[in-house]
Structure formats: structure tokens, C-alpha cells
Amino acid sequence: MELAAEIELHPLVEKCKQGDTRSYSELYRQYSRAMFSTCYRLLNNIADAEDILQESFTDAFRHLHNFEYKSSFGAWLKQIVVNKCVNHLRQKKMVLVDLEKSTISHLPDDDPEDEEKIFLQVAAIKRAVQELPTGYRTVLCLYLLEGYDHDEIADILGVASSTTRTQYKRAKEKLLQILKEGGRS
């Protein structure tokens, strides 16, 4: 017996598809805060996050007729947001090193002792994440905060999954360094 989770129709989405303009405003109100957080975590710039948020909603609303409930509306919208953020970062020349094309041979293993010793306040961690280089911050946020796995991140960024794993590992190391030094890398 195969179990398949059926995604229910979203009443506001259905009203929007029928042309109800108030439903567009309500959908925006319901999802904008969470989507802005995603934009800001990835872009680390309020103005850019606001711009990408607006572009994402514009695209989502423009293509709402294509939304077929293969996922929840929130997941569909988040994918649009993440893709727009990544495209924006690419335009700003975010640098990721593809290890399959690199000469780096071996990286040392994680030092689990350091990770277990560091228990800092959320505000300090947020500041430290903002100080990370763009590539590191992007992979770290997509993996830890947005819940993507390395293969998904690799597809989104157009790099090998080994690259995202390395970027994530280096991001953690850099984050620990920033936290140990009390900020300002």
C-alpha cells in the first residue's frame, strides 16, 4: 500500500486564481515576513532583501496559474525566493570554488570539541553569520536555516555537492573563528 500525502487546496491561492485582489494582499501578509527572513539571511542586506522579496512575490503572483499543488504554496514560494536570492548573489559575483576543479586535496576533520564548547547568545551568532563571506553564508543558511541538503544546494547554485559540503565546513570553521574572536573577523 502506497501512502501519498495529499496537499489541500489553499483557499487564498484559489481566490487569487479567480481574480480576487484582496486575496493577493492576504497571501502577501501571511508569507512576507518569513520570506523576508529567508532573503535577509541569504543576502545580508536589508535593501536587497526587500527588493528580492518584492520581485519574488511579483513572479509568484504572475505565475500563480502554474501552481499545481505538487508542494505547499509556502514551499513553492520559498523556492522562488531562494532562486531569486541566488541569482542576485551570482550577479554580485558570489564566489564558490568547485573542488572537483580545484587543486585542494585534503581538508582536516572537524574539531567537535570546539563546537561543543561554544554556547553564545543568538544575537552574537547572527552578527557572526553576517560577517561570513557571501559564499559561506549562502551555503550555511541554505543548509542550516532553510533545510536544504547538499545535493539540493548544489543544484540551486550550479556547483558540485562536494563544493557545498566544503563551503559549509569552511563556513562553520570561519563562524567559530569569528565567535572566538568576539566578532569582526
# chains A, B, ... in the order shown; residues from 1 in each chain; ligands from 1
>>> residues_around(residues="Leu140 (chain A)", least_positions_apart="4", cutoff="8 Å", atoms="only C-alpha atoms", output="MDAnalysis selection string")
chainID A and resid 136 144:145 167:168 171:172
>>> select_by_dssp(residues="region 23-175 of chain A", states="helix (DSSP H, G or I)", output="PyMOL selection string")
chain A and resi 23-43+46-62+64-66+73-91+99-101+112-117+122-131+134-145+150-157+161-175
>>> atom_distance(atom1="CA of Ile153 (chain A)", atom2="CA of Leu77 (chain A)")
16.6 Å
>>> residues_around(residues="region 88-94 of chain A", least_positions_apart="6", cutoff="10 Å", atoms="only C-alpha atoms", output="PyMOL selection string")
chain A and resi 42-43+48-49+52+82+133-136+138+157
>>> write_last_selection(atoms="N, CA and C atoms", output="PDB file, in the first residue's frame")
ATOM      1  N   LEU A  42      20.095  35.194   3.403  1.00  0.00           N
ATOM      2  CA  LEU A  42      20.938  34.863   2.258  1.00  0.00           C
ATOM      3  C   LEU A  42      21.690  36.067   1.703  1.00  0.00           C
ATOM      4  N   LEU A  43      21.064  37.228   1.722  1.00  0.00           N
ATOM      5  CA  LEU A  43      21.660  38.409   1.088  1.00  0.00           C
ATOM      6  C   LEU A  43      22.422  39.314   2.044  1.00  0.00           C
ATOM      7  N   ASP A  48      18.482  44.963  -0.396  1.00  0.00           N
ATOM      8  CA  ASP A  48      18.448  43.871  -1.381  1.00  0.00           C
ATOM      9  C   ASP A  48      17.364  42.857  -1.024  1.00  0.00           C
ATOM     10  N   ALA A  49      17.248  42.550   0.267  1.00  0.00           N
ATOM     11  CA  ALA A  49      16.233  41.580   0.707  1.00  0.00           C
ATOM     12  C   ALA A  49      14.827  42.091   0.384  1.00  0.00           C
ATOM     13  N   ILE A  52      14.321  41.821  -3.479  1.00  0.00           N
ATOM     14  CA  ILE A  52      14.147  40.433  -3.924  1.00  0.00           C
ATOM     15  C   ILE A  52      12.806  39.891  -3.438  1.00  0.00           C
ATOM     16  N   VAL A  82      14.391  31.699  -2.834  1.00  0.00           N
ATOM     17  CA  VAL A  82      15.777  31.218  -2.775  1.00  0.00           C
ATOM     18  C   VAL A  82      16.447  31.365  -4.140  1.00  0.00           C
ATOM     19  N   PRO A 133      31.845  35.515   4.566  1.00  0.00           N
ATOM     20  CA  PRO A 133      31.846  35.811   3.133  1.00  0.00           C
ATOM     21  C   PRO A 133      30.551  35.286   2.495  1.00  0.00           C
ATOM     22  N   THR A 134      30.127  35.906   1.434  1.00  0.00           N
ATOM     23  CA  THR A 134      28.834  35.614   0.818  1.00  0.00           C
ATOM     24  C   THR A 134      28.641  34.134   0.497  1.00  0.00           C
ATOM     25  N   GLY A 135      29.630  33.512  -0.109  1.00  0.00           N
ATOM     26  CA  GLY A 135      29.504  32.095  -0.463  1.00  0.00           C
ATOM     27  C   GLY A 135      29.300  31.210   0.756  1.00  0.00           C
ATOM     28  N   TYR A 136      30.082  31.451   1.789  1.00  0.00           N
ATOM     29  CA  TYR A 136      29.944  30.679   3.021  1.00  0.00           C
ATOM     30  C   TYR A 136      28.562  30.884   3.634  1.00  0.00           C
ATOM     31  N   THR A 138      25.805  31.874   2.287  1.00  0.00           N
ATOM     32  CA  THR A 138      24.731  31.319   1.466  1.00  0.00           C
ATOM     33  C   THR A 138      24.561  29.827   1.726  1.00  0.00           C
ATOM     34  N   LEU A 157      22.827  26.194  -6.743  1.00  0.00           N
ATOM     35  CA  LEU A 157      23.982  27.043  -7.021  1.00  0.00           C
ATOM     36  C   LEU A 157      24.726  26.665  -8.301  1.00  0.00           C
TER      37      LEU A 157
END
>>> residues_around(residues="region 25-30 of chain A", least_positions_apart="5", cutoff="8 Å", atoms="only C-alpha atoms", output="ChimeraX atom specification")
/A:12-13,57
>>> write_last_selection(atoms="C-alpha atoms", output="PDB file, in the first residue's frame")
ATOM      1  CA  LEU A  12      -6.431  32.196  -0.799  1.00  0.00           C
ATOM      2  CA  VAL A  13      -4.497  30.790  -3.741  1.00  0.00           C
ATOM      3  CA  PHE A  57       6.012  37.917  -4.893  1.00  0.00           C
TER       4      PHE A  57
END
>>> atom_distance(atom1="CA of Met35 (chain A)", atom2="CA of Cys141 (chain A)")
13.3 Å
>>> atom_distance(atom1="CA of Ala75 (chain A)", atom2="CA of Gly158 (chain A)")
20.3 Å
>>> closest_residue(among="A:Glu68, A:Val81, A:Lys15, A:Arg62", to="Phe36 (chain A)", atoms="only C-alpha atoms")
A:Val81
>>> closest_residue(among="A:His10, A:Arg41, A:Lys84, A:Phe73", to="Leu142 (chain A)", atoms="only C-alpha atoms")
A:Arg41
>>> closest_residue(among="A:Glu131, A:Glu146, A:Glu14, A:Glu50", to="Thr38 (chain A)", atoms="only C-alpha atoms")
A:Glu146
>>> closest_residue(among="A:Cys16, A:Trp76, A:Ala124, A:Thr164", to="Val139 (chain A)", atoms="only C-alpha atoms")
A:Thr164
